[in-house]
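Report on the structure given below.
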Protein chains: 4
Amino acid sequence: MIRVTVYNEYLHEKTNEAVRAVYPNGIHSALREALESETVSVRTVTLDSIEELTETLLAETDVLVWWGHRAHHQVPDEIAERVQRAVLCGMGAIFLHSAHHSKPFKRLMGTTCDLTWRENGDRELVWVCDPAHPIAEGIGRFIKLEAEETYGEPFTIPEPDRTVFLGNFEGGEAFRAGCCFHRGNGRIFYFQPGHETYPTFRNPGVIRVLQNAVRWANPIYRVSSLGSPHVEKPLV
Amino acid sequence: MIRVTVYNEYLHEKTNEAVRAVYPNGIHSALREALESETVSVRTVTLDSIEELTETLLAETDVLVWWGHRAHHQVPDEIAERVQRAVLCGMGAIFLHSAHHSKPFKRLMGTTCDLTWRENGDRELVWVCDPAHPIAEGIGRFIKLEAEETYGEPFTIPEPDRTVFLGNFEGGEAFRAGCCFHRGNGRIFYFQPGHETYPTFRNPGVIRVLQNAVRWANPIYRVSSLGSPHVEKPLV
Amino acid sequence: MIRVTVYNEYLHEKTNEAVRAVYPNGIHSALREALESETVSVRTVTLDSIEELTETLLAETDVLVWWGHRAHHQVPDEIAERVQRAVLCGMGAIFLHSAHHSKPFKRLMGTTCDLTWRENGDRELVWVCDPAHPIAEGIGRFIKLEAEETYGEPFTIPEPDRTVFLGNFEGGEAFRAGCCFHRGNGRIFYFQPGHETYPTFRNPGVIRVLQNAVRWANPIYRVSSLGSPHVEKPLV
Amino acid sequence: MIRVTVYNEYLHEKTNEAVRAVYPNGIHSALREALESETVSVRTVTLDSIEELTETLLAETDVLVWWGHRAHHQVPDEIAERVQRAVLCGMGAIFLHSAHHSKPFKRLMGTTCDLTWRENGDRELVWVCDPAHPIAEGIGRFIKLEAEETYGEPFTIPEPDRTVFLGNFEGGEAFRAGCCFHRGNGRIFYFQPGHETYPTFRNPGVIRVLQNAVRWANPIYRVSSLGSPHVEKPLV
């Protein structure tokens, strides 16, 4: 059983009619529906209950999925650092859409993770660059999204280990839409689609990507603490 | 002085009226005009005279620029191997557009370098992903090309060291349009724009990219032969 | 069931008493013993029977393991190319020790794969750089080999996707001893230990690495042919 | 003129007789001597005067060189963040030896940057992996250090863009001794040699590496602020 914890800040859905129409029970509920299965259990946490993201919960989380947008600054630094440490210990992490600017992602990348953006409801095509990557399994050549927020380069991240998807927006932008990183013992996937006003997380292709990503990020090795061991004498 | 050798197969220009209209003296002449300066000398070679690509010429070439399309198979294997070896010794190499399928590029990459393609004269935007990369110097955010051949993913290359440009095509494709690699002692740049029926090599942004790429690929270290040294005893 | 094919040139064992003492039934038999299990089947091929490496056999091989040394040049180019294509289609490949100079490995890397070498029977420590990598599972901090052939840098390969192991030789060399690459749809692992005069392939740590590598390289996606698809019209 | 700022915490030299014997005027003075030339100016800052590392000084610094060991925690978070931002804007940064645990380096890497260590005065050989890399220029095959602190893997950093040097320690460890990264617009080099009790920064090979690294890290592109631009309408 892969134990997934979904964090969603859950603000837009409560204050914006258009968002509520798409995700009446919150983005976290849509993500739960997308991911929960016989082999994947899902727990959800929202900004209101963010103190639930304790050391213990993170230690018992195999893969953390993160969606946040306008309240990144309300995530306590202590929790951001805790998430970073959990990833370095081996927990998988999937950052969705505007989570490019979340505290844990920026800490793990070491960069600003800035990008260019427009909200025009552009059609996006998400192309597979790397068909043999486990996260692209079953996707075919591309995913078509009738409307998404447009993200553009430069996307200020470290060079990804693997660029699995590229996005084409009808207004003219191109974007590295799916990027893999490993940091410490943990695997990290950033996926660009998922604006709150569009039903992206109900798209079968997107759901498949998320399911694949959870399996890919599920740790095979994990430590309970980090540190620089001092060795008195040569080991051999 | 950086010594550039431009290889252009020079077939389309002699047989296709539309191509001749764009490049009356051949693509190699346009590339010469783009590159020649007080600090860069340019020599050109075409398929008709490909035997000029001797060991000696390659040893005296700092950066080789390659354009080929429909006669890749007419390039002798021996010359392709010679070019590969020269790059591994330290010569820089820039492969343009359909040279993704040229013998030297495929040998250096180790993959098929396949991609998807369409000829619809799509508008392309070539976006800068990595504004601090020397090849992006002076480009700003993007280059706009009114018409190009469309190239699409998956582009079957090894993960590039740096992805400097992404292309967006109006028909919907996205493509890793500018990719850097190092192999042995040599630096390699692949650049996607440059179809024979469009005046791409007269676009000021494209010209700037090519000039930058020549400076970037100019070797600082070069050996005259390759091999695996046998050492009798520990060196120290 | 993972279907492994082991290629061993099988020359040293027949002509050198010291090698025969270590591997009386050939290195391929030792590799079979190391790998065969309830979930892994192993077939072996030697230089004498290299024509068995047909398109069909490669299509039915999940992971190819390759050991060769003094007869690389006797492997027909056609077979080397066939192996390269099979990897690009998705077959996994593990190249051991002096297979750094084998034709298929050099084709896949695009470089000379040269290195420095000495035969002094140095003690080697193979250190884990990346403990969360699937190939390092269960290894602990290092593998100790009482005697190995010494390999030294520069090892002229493309920058690996992941450097999993570093070797320290008592005579003073350091070497990237375990390197992962992906090329096309296939996964490639190079592992440096395995000189014919030492019982390296009977070392439990080495055996564990090989078993891990087979699981890691086992394809999840595979195609039966390669090519650049032409698309008449935009796909959407 | 390349403007270098050297930060040295300057504590060991004032309290430990053995260190003072090696670096009577502080490690920063040795680094100044190593780097200052007709084309490189050097300014030094120590922990006592760390508030000199203002936004203004960093904006006027082309390459920052950092040595710290036991007082990493005394570097204010605000200054560490300022250094990180300066690198992302384009400033080069060279982190020496125990600066692997400095706040700015850990922030830029996003990982713990842990490693294993021993102080036995081992002989170290620093091997060149990548002879064509600008930082290896003029080094030959290796640098021999009669005594260094031993650092061992796993070194918990992101996969480097380029691994330029590998270290072999006589006690048995191997280590990625010279690693290049780019983050945002800045170039980063980590170099492992440089323990305070040994005259490493007087070694001609080490000095050459540092001089090369300063030239390599000198920015060609730099911005004065960071951010995610919002674009109202498509740019074209």
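Following the order of the structure tokens, chains are lettered A, B, ..., residues in each are numbered from 1, and ligands are numbered from 1.
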Name all residues at most 7 Å from region 173-190 of chain C (count only C-alpha atoms; drop same-chain ones fewer than 3 positions away) and give them as a PyMOL selection string.
-> (chain A and resi 132) or (chain B and resi 111+156-158) or (chain C and resi 87-96+151-153+160-169+217+219+221-222) or (chain D and resi 166-168+174)
Just to be explicit: take each residue in the selection above, keep C-alpha atoms, and write the result as a tab-separated table (two decimals), in the first residue's frame.
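To be explicit, this is the file written out as out_1.tsv:
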chain	number	residue	atom	x	y	z
A	132	ALA	CA	9.90	5.13	-21.71
B	111	THR	CA	20.67	7.36	-30.52
B	156	THR	CA	15.30	10.85	-29.30
B	157	ILE	CA	18.51	12.36	-27.99
B	158	PRO	CA	20.34	11.75	-24.72
C	87	VAL	CA	18.54	-0.90	-26.49
C	88	LEU	CA	17.02	2.13	-28.21
C	89	CYS	CA	13.81	0.11	-28.58
C	90	GLY	CA	13.82	-0.53	-24.83
C	91	MET	CA	16.00	-3.53	-23.97
C	92	GLY	CA	18.12	-3.01	-20.85
C	93	ALA	CA	21.90	-3.43	-21.10
C	94	ILE	CA	24.61	-3.98	-18.50
C	95	PHE	CA	28.22	-3.60	-19.58
C	96	LEU	CA	30.82	-5.11	-17.30
C	151	TYR	CA	40.93	1.66	-13.91
C	152	GLY	CA	41.57	5.40	-13.82
C	153	GLU	CA	40.11	8.66	-15.01
C	160	PRO	CA	26.15	9.83	-16.58
C	161	ASP	CA	22.52	10.35	-15.59
C	162	ARG	CA	23.49	9.00	-12.19
C	163	THR	CA	26.87	8.07	-10.73
C	164	VAL	CA	25.99	5.29	-8.32
C	165	PHE	CA	29.45	4.02	-7.34
C	166	LEU	CA	32.98	5.43	-7.08
C	167	GLY	CA	36.01	3.14	-6.95
C	168	ASN	CA	39.14	3.75	-4.84
C	169	PHE	CA	42.21	1.73	-5.79
C	217	ALA	CA	17.14	-2.18	-16.45
C	219	PRO	CA	12.03	-2.42	-19.59
C	221	TYR	CA	8.14	0.29	-22.27
C	222	ARG	CA	9.39	-1.06	-25.52
D	166	LEU	CA	37.61	12.83	-8.22
D	167	GLY	CA	39.64	12.46	-5.04
D	168	ASN	CA	41.43	9.28	-3.93
D	174	ALA	CA	36.84	8.22	-3.02
For chain C, work out the contacting residues on chain B at 7 Å, counting only C-alpha atoms, and write them as a VMD selection string.
-> chain B and resid 88 107 to 111 114 to 118 156 to 158 171 to 172 183 to 184 227 to 234
Mind checking DSSP for region 51-96 of chain C and telling me the strand (DSSP E) residues as a PyMOL selection string?
-> chain C and resi 63-67+92-96
For the selection just defined, write its residues with N, CA and C atoms to a file, as a PDB file, in the first residue's frame.
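Saved file out22.pdb follows:
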ATOM      1  N   VAL C  63      17.012  -7.952 -20.598  1.00  0.00           N
ATOM      2  CA  VAL C  63      18.265  -7.292 -20.205  1.00  0.00           C
ATOM      3  C   VAL C  63      19.427  -8.114 -20.757  1.00  0.00           C
ATOM      4  N   LEU C  64      20.312  -7.406 -21.466  1.00  0.00           N
ATOM      5  CA  LEU C  64      21.515  -8.036 -22.013  1.00  0.00           C
ATOM      6  C   LEU C  64      22.694  -7.667 -21.119  1.00  0.00           C
ATOM      7  N   VAL C  65      23.471  -8.688 -20.725  1.00  0.00           N
ATOM      8  CA  VAL C  65      24.673  -8.455 -19.914  1.00  0.00           C
ATOM      9  C   VAL C  65      25.868  -8.775 -20.800  1.00  0.00           C
ATOM     10  N   TRP C  66      26.871  -7.895 -20.823  1.00  0.00           N
ATOM     11  CA  TRP C  66      27.953  -8.039 -21.798  1.00  0.00           C
ATOM     12  C   TRP C  66      29.312  -8.019 -21.120  1.00  0.00           C
ATOM     13  N   TRP C  67      30.095  -9.082 -21.349  1.00  0.00           N
ATOM     14  CA  TRP C  67      31.493  -9.110 -20.920  1.00  0.00           C
ATOM     15  C   TRP C  67      32.356  -9.453 -22.125  1.00  0.00           C
ATOM     16  N   GLY C  92      17.093  -3.450 -21.788  1.00  0.00           N
ATOM     17  CA  GLY C  92      18.121  -3.011 -20.847  1.00  0.00           C
ATOM     18  C   GLY C  92      19.469  -3.597 -21.214  1.00  0.00           C
ATOM     19  N   ALA C  93      20.557  -2.929 -20.788  1.00  0.00           N
ATOM     20  CA  ALA C  93      21.899  -3.435 -21.097  1.00  0.00           C
ATOM     21  C   ALA C  93      22.838  -3.117 -19.944  1.00  0.00           C
ATOM     22  N   ILE C  94      23.634  -4.130 -19.579  1.00  0.00           N
ATOM     23  CA  ILE C  94      24.613  -3.980 -18.501  1.00  0.00           C
ATOM     24  C   ILE C  94      25.977  -4.338 -19.082  1.00  0.00           C
ATOM     25  N   PHE C  95      26.877  -3.377 -19.033  1.00  0.00           N
ATOM     26  CA  PHE C  95      28.216  -3.599 -19.581  1.00  0.00           C
ATOM     27  C   PHE C  95      29.195  -3.703 -18.423  1.00  0.00           C
ATOM     28  N   LEU C  96      29.966  -4.803 -18.439  1.00  0.00           N
ATOM     29  CA  LEU C  96      30.822  -5.113 -17.299  1.00  0.00           C
ATOM     30  C   LEU C  96      32.287  -4.916 -17.651  1.00  0.00           C
TER      31      LEU C  96
END
DSSP-assigned helix (DSSP H, G or I) members of region 1-142 of chain C, reported as JSON, numbers by chain | {"C": [12, 13, 14, 15, 17, 18, 19, 20, 21, 22, 27, 28, 29, 30, 31, 32, 33, 34, 35, 47, 48, 49, 50, 51, 52, 55, 56, 57, 58, 59, 72, 73, 74, 77, 78, 79, 80, 81, 82, 83, 84, 85, 86, 87, 88, 89, 97, 98, 99, 100, 101, 103, 104, 105, 106, 107, 108, 109, 134, 135, 136]}
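Separating CA of Arg70 (chain A) from CA of Leu11 (chain A) is a distance of 8.1 Å.
The gap separating CA of Ile220 (chain A) from CA of Ile2 (chain A) is 11.2 Å, in Å to one decimal.
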Straight-line distance linking CA of Pro199 (chain A) with CA of Val45 (chain A), stated in Å to one decimal = 20.5 Å
Arg3 (chain C) environment, 9 Å, only C-alpha atoms, sequence neighbours closer than 6 positions dropped, as a PyMOL selection string = chain C and resi 39-43+60-64+218
For the residues in the current selection, export all heavy atoms as a PDB file, in the first residue's frame.
ATOM      1  N   THR C  39      12.633 -15.505 -10.567  1.00  0.00           N
ATOM      2  CA  THR C  39      12.060 -14.426 -11.372  1.00  0.00           C
ATOM      3  C   THR C  39      12.954 -14.006 -12.525  1.00  0.00           C
ATOM      4  O   THR C  39      12.598 -13.112 -13.289  1.00  0.00           O
ATOM      5  CB  THR C  39      11.784 -13.187 -10.484  1.00  0.00           C
ATOM      6  OG1 THR C  39      13.007 -12.847  -9.808  1.00  0.00           O
ATOM      7  CG2 THR C  39      10.715 -13.487  -9.445  1.00  0.00           C
ATOM      8  N   VAL C  40      14.117 -14.634 -12.642  1.00  0.00           N
ATOM      9  CA  VAL C  40      15.058 -14.260 -13.701  1.00  0.00           C
ATOM     10  C   VAL C  40      15.533 -15.512 -14.411  1.00  0.00           C
ATOM     11  O   VAL C  40      16.083 -16.421 -13.770  1.00  0.00           O
ATOM     12  CB  VAL C  40      16.283 -13.499 -13.128  1.00  0.00           C
ATOM     13  CG1 VAL C  40      17.294 -13.193 -14.231  1.00  0.00           C
ATOM     14  CG2 VAL C  40      15.847 -12.216 -12.429  1.00  0.00           C
ATOM     15  N   SER C  41      15.324 -15.563 -15.733  1.00  0.00           N
ATOM     16  CA  SER C  41      15.872 -16.661 -16.521  1.00  0.00           C
ATOM     17  C   SER C  41      17.094 -16.156 -17.278  1.00  0.00           C
ATOM     18  O   SER C  41      17.150 -14.988 -17.659  1.00  0.00           O
ATOM     19  CB  SER C  41      14.823 -17.183 -17.499  1.00  0.00           C
ATOM     20  OG  SER C  41      14.539 -16.200 -18.471  1.00  0.00           O
ATOM     21  N   VAL C  42      18.065 -17.029 -17.470  1.00  0.00           N
ATOM     22  CA  VAL C  42      19.317 -16.604 -18.094  1.00  0.00           C
ATOM     23  C   VAL C  42      19.664 -17.518 -19.260  1.00  0.00           C
ATOM     24  O   VAL C  42      19.629 -18.745 -19.138  1.00  0.00           O
ATOM     25  CB  VAL C  42      20.480 -16.618 -17.073  1.00  0.00           C
ATOM     26  CG1 VAL C  42      21.800 -16.229 -17.755  1.00  0.00           C
ATOM     27  CG2 VAL C  42      20.195 -15.674 -15.911  1.00  0.00           C
ATOM     28  N   ARG C  43      19.997 -16.896 -20.368  1.00  0.00           N
ATOM     29  CA  ARG C  43      20.529 -17.617 -21.515  1.00  0.00           C
ATOM     30  C   ARG C  43      21.931 -17.066 -21.770  1.00  0.00           C
ATOM     31  O   ARG C  43      22.155 -15.865 -21.575  1.00  0.00           O
ATOM     32  CB  ARG C  43      19.621 -17.342 -22.717  1.00  0.00           C
ATOM     33  CG  ARG C  43      20.178 -17.873 -24.006  1.00  0.00           C
ATOM     34  CD  ARG C  43      19.175 -17.787 -25.131  1.00  0.00           C
ATOM     35  NE  ARG C  43      19.756 -18.328 -26.337  1.00  0.00           N
ATOM     36  CZ  ARG C  43      19.073 -18.651 -27.406  1.00  0.00           C
ATOM     37  NH1 ARG C  43      17.758 -18.485 -27.436  1.00  0.00           N
ATOM     38  NH2 ARG C  43      19.679 -19.149 -28.470  1.00  0.00           N
ATOM     39  N   GLU C  60      13.425 -10.806 -27.544  1.00  0.00           N
ATOM     40  CA  GLU C  60      12.924 -11.610 -26.420  1.00  0.00           C
ATOM     41  C   GLU C  60      13.837 -11.522 -25.195  1.00  0.00           C
ATOM     42  O   GLU C  60      13.686 -12.292 -24.246  1.00  0.00           O
ATOM     43  CB  GLU C  60      12.762 -13.070 -26.882  1.00  0.00           C
ATOM     44  CG  GLU C  60      11.646 -13.203 -27.915  1.00  0.00           C
ATOM     45  CD  GLU C  60      11.610 -14.575 -28.577  1.00  0.00           C
ATOM     46  OE1 GLU C  60      12.527 -15.389 -28.328  1.00  0.00           O
ATOM     47  OE2 GLU C  60      10.671 -14.823 -29.353  1.00  0.00           O
ATOM     48  N   THR C  61      14.790 -10.616 -25.261  1.00  0.00           N
ATOM     49  CA  THR C  61      15.693 -10.395 -24.126  1.00  0.00           C
ATOM     50  C   THR C  61      15.263  -9.116 -23.421  1.00  0.00           C
ATOM     51  O   THR C  61      15.127  -8.069 -24.055  1.00  0.00           O
ATOM     52  CB  THR C  61      17.146 -10.247 -24.630  1.00  0.00           C
ATOM     53  OG1 THR C  61      17.547 -11.476 -25.221  1.00  0.00           O
ATOM     54  CG2 THR C  61      18.094  -9.872 -23.500  1.00  0.00           C
ATOM     55  N   ASP C  62      15.060  -9.212 -22.112  1.00  0.00           N
ATOM     56  CA  ASP C  62      14.733  -7.996 -21.371  1.00  0.00           C
ATOM     57  C   ASP C  62      15.990  -7.223 -21.013  1.00  0.00           C
ATOM     58  O   ASP C  62      16.032  -6.000 -21.108  1.00  0.00           O
ATOM     59  CB  ASP C  62      13.946  -8.354 -20.107  1.00  0.00           C
ATOM     60  CG  ASP C  62      12.606  -8.971 -20.451  1.00  0.00           C
ATOM     61  OD1 ASP C  62      11.906  -8.394 -21.304  1.00  0.00           O
ATOM     62  OD2 ASP C  62      12.273 -10.046 -19.908  1.00  0.00           O
ATOM     63  N   VAL C  63      17.012  -7.952 -20.598  1.00  0.00           N
ATOM     64  CA  VAL C  63      18.265  -7.292 -20.205  1.00  0.00           C
ATOM     65  C   VAL C  63      19.427  -8.114 -20.757  1.00  0.00           C
ATOM     66  O   VAL C  63      19.515  -9.323 -20.521  1.00  0.00           O
ATOM     67  CB  VAL C  63      18.388  -7.175 -18.671  1.00  0.00           C
ATOM     68  CG1 VAL C  63      19.670  -6.431 -18.297  1.00  0.00           C
ATOM     69  CG2 VAL C  63      17.169  -6.465 -18.071  1.00  0.00           C
ATOM     70  N   LEU C  64      20.312  -7.406 -21.466  1.00  0.00           N
ATOM     71  CA  LEU C  64      21.515  -8.036 -22.013  1.00  0.00           C
ATOM     72  C   LEU C  64      22.694  -7.667 -21.119  1.00  0.00           C
ATOM     73  O   LEU C  64      22.886  -6.486 -20.807  1.00  0.00           O
ATOM     74  CB  LEU C  64      21.739  -7.516 -23.440  1.00  0.00           C
ATOM     75  CG  LEU C  64      22.965  -8.028 -24.191  1.00  0.00           C
ATOM     76  CD1 LEU C  64      22.846  -9.522 -24.493  1.00  0.00           C
ATOM     77  CD2 LEU C  64      23.152  -7.236 -25.491  1.00  0.00           C
ATOM     78  N   ASN C 218      15.234  -3.677 -16.481  1.00  0.00           N
ATOM     79  CA  ASN C 218      14.123  -4.410 -17.093  1.00  0.00           C
ATOM     80  C   ASN C 218      13.114  -3.405 -17.669  1.00  0.00           C
ATOM     81  O   ASN C 218      12.596  -2.567 -16.952  1.00  0.00           O
ATOM     82  CB  ASN C 218      13.455  -5.275 -16.014  1.00  0.00           C
ATOM     83  CG  ASN C 218      12.341  -6.135 -16.581  1.00  0.00           C
ATOM     84  OD1 ASN C 218      12.397  -6.568 -17.720  1.00  0.00           O
ATOM     85  ND2 ASN C 218      11.321  -6.362 -15.757  1.00  0.00           N
TER      86      ASN C 218
END
